[in-house]
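To keep things clear, I will list the structure first and then write my remarks on it.
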Amino acid sequence: MTQSLPGQRPAQEQSFAGRARLPVVVVGTGPYGLSVAAHLRAAGIRVRIFGEVMGSWRHAMATGMFLKSTPAATDLSAPEPGGRLADFCRVHGEAELTELTPIPCDVFVRYGQWFQKRYVGEVDPGLVVAVDRAASGAGFVVRLDDGQEFAAAAVVVATGLNGLAYVPEQLRRLVPEGLGPDALVSHTSHHTDLSRYAGRRVAVIGGGQSALESAALLHEAGAEVQVLIRERRVLWGMTPDLARPWTQRLAQPASPLGTGWVLAAVCKAPGAVRRLPAAARLLLFRRALGPSGGWWLRERVEGIVPVRTSRRVAHAEATPEGTVRLEVTGPDGASSEALTVDHVLAATGYRLDLDAVPFLSPEVRRTLACVPGSKAPQLTGTFESCVPGLYFTGSLAAPMFGPMMRFVAGTEFAATRIVRDAVRWSATY
């Protein structure tokens, strides 16, 4: 049963002045999709949203993981007060979360499901397999995996990082049958349970949060694990200081992404980031937040899990015994050593690529303009692409609006601007 706010009808029961009008379709039911849909419904815009609620957070993160973000940076964007993570915890009698409280992923998933029932209402679990321009050139035709087709006034792509996992080619070619938990190589997004590797040798490639936390979980599950990192040292977040003096707050202002003037600026004004030259935006996107581990994770890794810095995989091959032989170069780049493992876990991040959004028709993909130097879409200040009525939000919008779009903290900025603009499509059809 959908829970409603005082004085508000449940989301799925709200009436729409333009009920006969075509819907705005939201593809994706993670933080960005749910936030956009909530604002659309509150604005009286007919909306259909597709996907499994918080599906990526349920199926692409291993059991036992925590969010790297602080509670203040983990709120979905609700159209009215009462939809914060803190509100969810209070309603359900859960312990208050502070900056010193790492947030379990399962708590965040339940928060997203609660938010959906409270603000979004009905979600269609169907899979969108095609989005194409309507024959008239205005609006879209959307097709589902069951063959159903319907017209839409506008489409919002909020699919997060689905399909964008990056694995280096030298590792990918080891598994022509495909990456996965049962193959020799997998990506961190393939896992919900790392205990399957108990007693096995695992090499984790990467130096960010997913690599370090996966290594901790593997070790705690009984695997023989080591981490290979290109960087010269592991970077760890600083333990939050809840009582920083004003001089420190002035020198390094806080932001949802951390402390410092650069991060504070890009979080305060994503719209201003969009007005920077494309090369500057991409540099900011790639460099503003380098790989690092959460402060709370350090005690589970440092001195416990072997982490080998300044290491690169020069060559990889599958052996007749069903293992992987890695040739790893050392700090000087010349010397190398052989390392044999049972499995390689690639914590190698994601690559933004419109060609990896499978439901966009070839015609739509050909029409879309990309940010110079990337395969992410060029967007207006309201997140609209050069295809009228087609919007992109979340990570695919980060090369335009900055690194905050890679995190839940960007949902309010994105949702409010998309919905203000989408009103015109609702009124058109």
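Residue numbers start at 1 in each chain; chains themselves are named A, B, ... in the order of the structure tokens; ligands are numbered from 1 in the order shown.
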List as a tab-separated table every residue of segment 187-251 of chain A that is in contact with segment 302-305 of chain A, defined as an atom at most 8 Å from one of its atoms (using only C-alpha atoms), together with the nearest atom pair and the distance in Å rounded to one decimal, sorted by chain and then rising number.
residue	atom	partner	partner_atom	distance
A:Ala215	CA	A:Val305	CA	7.1
A:Ala216	CA	A:Val305	CA	6.9
A:His219	CA	A:Val305	CA	7.0
A:Val225	CA	A:Val305	CA	7.0
A:Gln226	CA	A:Val305	CA	6.4
A:Val227	CA	A:Val305	CA	7.7
Discussion item. Based on the backbone DSSP call, show me all residues of segment 247-404 of chain A assigned alpha helix (DSSP H), as an MDAnalysis selection string.
Written reply: chainID A and resid 247:251 261:268 270:274 278:287 298:301 362:367 398:401
So that I have them on file, write out the residues from the current selection with N, CA and C atoms, as a short mmCIF file (atom, residue, chain, number, x, y, z; two decimals), in the first residue's frame.
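Below you can see selection_2.cif, which holds the result:
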data_model
loop_
_atom_site.label_atom_id
_atom_site.label_comp_id
_atom_site.auth_asym_id
_atom_site.auth_seq_id
_atom_site.Cartn_x
_atom_site.Cartn_y
_atom_site.Cartn_z
N THR A 247 38.08 28.57 10.93
CA THR A 247 39.20 28.82 10.02
C THR A 247 39.39 27.66 9.05
N GLN A 248 39.21 26.45 9.56
CA GLN A 248 39.33 25.27 8.70
C GLN A 248 38.15 25.16 7.75
N ARG A 249 36.97 25.51 8.24
CA ARG A 249 35.79 25.47 7.36
C ARG A 249 35.91 26.50 6.25
N LEU A 250 36.54 27.62 6.52
CA LEU A 250 36.74 28.65 5.50
C LEU A 250 37.80 28.21 4.49
N ALA A 251 38.88 27.63 4.99
CA ALA A 251 39.96 27.20 4.11
C ALA A 251 39.57 26.01 3.25
N TRP A 261 37.65 23.93 -1.97
CA TRP A 261 36.93 24.93 -2.76
C TRP A 261 36.48 24.40 -4.12
N VAL A 262 37.28 23.56 -4.75
CA VAL A 262 36.89 23.05 -6.07
C VAL A 262 35.63 22.20 -5.97
N LEU A 263 35.63 21.27 -5.02
CA LEU A 263 34.45 20.41 -4.85
C LEU A 263 33.24 21.23 -4.41
N ALA A 264 33.46 22.19 -3.53
CA ALA A 264 32.35 23.02 -3.08
C ALA A 264 31.76 23.80 -4.25
N ALA A 265 32.62 24.29 -5.14
CA ALA A 265 32.15 25.09 -6.28
C ALA A 265 31.35 24.24 -7.27
N VAL A 266 31.85 23.06 -7.61
CA VAL A 266 31.15 22.24 -8.60
C VAL A 266 29.83 21.70 -8.04
N CYS A 267 29.75 21.55 -6.72
CA CYS A 267 28.49 21.10 -6.11
C CYS A 267 27.49 22.25 -6.00
N LYS A 268 27.99 23.44 -5.74
CA LYS A 268 27.11 24.59 -5.58
C LYS A 268 26.54 25.04 -6.92
N PRO A 270 26.43 23.38 -10.51
CA PRO A 270 26.61 22.50 -11.67
C PRO A 270 26.27 23.20 -12.99
N GLY A 271 25.34 24.15 -12.94
CA GLY A 271 24.99 24.88 -14.15
C GLY A 271 26.15 25.71 -14.67
N ALA A 272 26.97 26.23 -13.76
CA ALA A 272 28.14 26.99 -14.17
C ALA A 272 29.20 26.08 -14.77
N VAL A 273 29.29 24.85 -14.27
CA VAL A 273 30.23 23.89 -14.83
C VAL A 273 29.90 23.66 -16.30
N ARG A 274 28.63 23.59 -16.61
CA ARG A 274 28.21 23.35 -17.99
C ARG A 274 28.71 24.43 -18.94
N ALA A 278 34.50 22.51 -23.14
CA ALA A 278 34.37 21.05 -23.02
C ALA A 278 35.63 20.40 -22.46
N ALA A 279 36.80 20.86 -22.89
CA ALA A 279 38.05 20.26 -22.41
C ALA A 279 38.20 20.46 -20.91
N ALA A 280 37.82 21.63 -20.42
CA ALA A 280 37.92 21.90 -18.98
C ALA A 280 36.93 21.05 -18.21
N ARG A 281 35.74 20.86 -18.77
CA ARG A 281 34.74 20.03 -18.09
C ARG A 281 35.19 18.58 -17.99
N LEU A 282 35.75 18.08 -19.06
CA LEU A 282 36.20 16.69 -19.04
C LEU A 282 37.37 16.50 -18.08
N LEU A 283 38.26 17.48 -18.02
CA LEU A 283 39.37 17.40 -17.08
C LEU A 283 38.83 17.39 -15.65
N LEU A 284 37.84 18.23 -15.38
CA LEU A 284 37.23 18.27 -14.06
C LEU A 284 36.53 16.96 -13.76
N PHE A 285 35.82 16.43 -14.73
CA PHE A 285 35.10 15.16 -14.56
C PHE A 285 36.06 14.03 -14.21
N ARG A 286 37.22 14.02 -14.87
CA ARG A 286 38.15 12.90 -14.70
C ARG A 286 39.09 13.07 -13.51
N ARG A 287 39.35 14.32 -13.10
CA ARG A 287 40.38 14.54 -12.09
C ARG A 287 39.84 15.02 -10.74
N ARG A 298 39.54 1.73 5.99
CA ARG A 298 41.00 1.62 6.10
C ARG A 298 41.42 0.52 7.07
N GLU A 299 40.77 0.43 8.22
CA GLU A 299 41.17 -0.54 9.24
C GLU A 299 40.89 -1.98 8.81
N ARG A 300 40.07 -2.17 7.78
CA ARG A 300 39.78 -3.52 7.29
C ARG A 300 40.73 -3.93 6.17
N VAL A 301 41.56 -3.00 5.69
CA VAL A 301 42.44 -3.29 4.55
C VAL A 301 43.91 -3.13 4.92
N PRO A 362 19.08 3.17 -33.60
CA PRO A 362 20.24 3.67 -34.35
C PRO A 362 20.03 5.09 -34.86
N GLU A 363 18.81 5.42 -35.27
CA GLU A 363 18.54 6.77 -35.78
C GLU A 363 18.72 7.80 -34.67
N VAL A 364 18.19 7.49 -33.49
CA VAL A 364 18.34 8.42 -32.36
C VAL A 364 19.81 8.57 -32.00
N ARG A 365 20.54 7.47 -31.96
CA ARG A 365 21.96 7.54 -31.61
C ARG A 365 22.74 8.36 -32.62
N ARG A 366 22.41 8.21 -33.89
CA ARG A 366 23.12 8.98 -34.92
C ARG A 366 22.84 10.48 -34.78
N THR A 367 21.64 10.81 -34.32
CA THR A 367 21.25 12.22 -34.21
C THR A 367 21.90 12.89 -33.01
N ALA A 398 27.26 13.76 -16.31
CA ALA A 398 28.41 14.29 -15.56
C ALA A 398 29.41 15.06 -16.42
N PRO A 399 29.70 14.65 -17.66
CA PRO A 399 30.63 15.44 -18.46
C PRO A 399 30.08 16.83 -18.83
N MET A 400 28.80 17.06 -18.63
CA MET A 400 28.22 18.38 -18.87
C MET A 400 28.12 19.19 -17.58
N PHE A 401 27.69 18.56 -16.50
CA PHE A 401 27.37 19.29 -15.26
C PHE A 401 28.34 19.03 -14.12
#
Fill in: Surrounding residues of Thr239 of chain A excluding itself and chain neighbours under 3 positions, 12 Å, only C-alpha atoms, as a PyMOL selection string
chain A and resi 68+70+99-102+236+242-244+258-259+293-299
Worksheet item: Could you work out how far atom CA of Thr319 of chain A lies from atom CA of Val307 of chain A, giving the answer in Å with one decimal?
Response: 24.3 Å
Tell me, counting only C-alpha atoms, for each residue of segment 39-147 of chain A within 9 Å of segment 193-213 of chain A, which pair of atoms is nearest and how far apart they are in Å to one decimal, in rows ordered by chain and increasing number, as CSV.
residue,atom,partner,partner_atom,distance
A:Met61,CA,A:Asp193,CA,8.3
A:Ala62,CA,A:Asp193,CA,5.1
A:Thr63,CA,A:Asp193,CA,5.6
A:Gly64,CA,A:Asp193,CA,8.6
A:Met65,CA,A:Glu213,CA,7.2
A:Phe66,CA,A:Glu213,CA,8.6
A:Lys68,CA,A:Gln209,CA,7.6
Go ahead and dump the residues you just picked, C-alpha atoms, as a short mmCIF file (atom, residue, chain, number, x, y, z; two decimals), in the first residue's frame.
data_model
loop_
_atom_site.label_atom_id
_atom_site.label_comp_id
_atom_site.auth_asym_id
_atom_site.auth_seq_id
_atom_site.Cartn_x
_atom_site.Cartn_y
_atom_site.Cartn_z
CA MET A 61 26.81 -4.49 -5.27
CA ALA A 62 28.10 -7.26 -3.04
CA THR A 63 26.36 -8.11 0.21
CA GLY A 64 28.00 -6.28 3.10
CA MET A 65 28.97 -3.17 1.17
CA PHE A 66 28.49 0.36 2.45
CA LYS A 68 30.99 5.94 0.50
#
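Closest approach to Gly237 of chain A among A:Thr159, A:Thr380, A:Ser69, A:Ser136: A:Ser69, based on only C-alpha atoms.
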Worksheet item: Just how far from atom CA of Ala72 of chain A is atom CA of Val25 of chain A, in Å to one decimal?
Response: 28.9 Å
Discussion item. Env of segment 408-424 of chain A: 9 Å cut, atoms = only C-alpha atoms, seq-sep filter 3 positions within chain, self excluded. Answer as number ranges by chain.
Written reply: A: 24, 31-33, 35-40, 43-45, 69, 72-79, 153-154, 156, 256-257, 267, 270-271, 381-384, 389, 391, 393-394, 403-405, 427-428
Practice prompt. Write out as a PyMOL selection string the residues lying within 8 Å of Tyr166 of chain A, counting only C-alpha atoms and excluding same-chain residues fewer than 5 positions away.
Written response: chain A and resi 187+348-351
Just-selected residues, all heavy atoms written as a short mmCIF file (atom, residue, chain, number, x, y, z; two decimals), in the first residue's frame:
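Result file is part.cif:
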data_model
loop_
_atom_site.label_atom_id
_atom_site.label_comp_id
_atom_site.auth_asym_id
_atom_site.auth_seq_id
_atom_site.Cartn_x
_atom_site.Cartn_y
_atom_site.Cartn_z
N HIS A 187 33.62 -8.25 -13.35
CA HIS A 187 33.66 -6.84 -12.93
C HIS A 187 32.94 -6.76 -11.59
O HIS A 187 32.07 -7.58 -11.28
CB HIS A 187 32.96 -5.96 -13.97
CG HIS A 187 33.08 -4.49 -13.74
ND1 HIS A 187 32.16 -3.78 -12.98
CD2 HIS A 187 34.01 -3.59 -14.16
CE1 HIS A 187 32.53 -2.52 -12.95
NE2 HIS A 187 33.63 -2.36 -13.65
N THR A 348 37.60 -1.77 -12.27
CA THR A 348 38.19 -0.82 -13.21
C THR A 348 37.21 0.25 -13.67
O THR A 348 37.45 0.93 -14.67
CB THR A 348 38.75 -1.59 -14.42
OG1 THR A 348 37.82 -2.61 -14.82
CG2 THR A 348 40.06 -2.27 -14.06
N GLY A 349 36.13 0.42 -12.95
CA GLY A 349 35.24 1.54 -13.18
C GLY A 349 34.31 1.39 -14.36
O GLY A 349 33.99 0.27 -14.80
N TYR A 350 33.93 2.54 -14.90
CA TYR A 350 32.90 2.60 -15.95
C TYR A 350 33.33 3.58 -17.02
O TYR A 350 34.08 4.53 -16.77
CB TYR A 350 31.56 3.04 -15.34
CG TYR A 350 31.05 2.09 -14.28
CD1 TYR A 350 31.50 2.17 -12.97
CD2 TYR A 350 30.12 1.09 -14.60
CE1 TYR A 350 31.06 1.29 -11.99
CE2 TYR A 350 29.67 0.21 -13.63
CZ TYR A 350 30.15 0.32 -12.32
OH TYR A 350 29.71 -0.55 -11.36
N ARG A 351 32.87 3.37 -18.23
CA ARG A 351 33.10 4.27 -19.36
C ARG A 351 31.75 4.75 -19.89
O ARG A 351 30.88 3.93 -20.20
CB ARG A 351 33.88 3.57 -20.47
CG ARG A 351 35.32 3.23 -20.10
CD ARG A 351 36.22 4.43 -20.25
NE ARG A 351 37.59 4.14 -19.81
CZ ARG A 351 38.56 3.68 -20.63
NH1 ARG A 351 38.28 3.44 -21.89
NH2 ARG A 351 39.78 3.46 -20.16
#
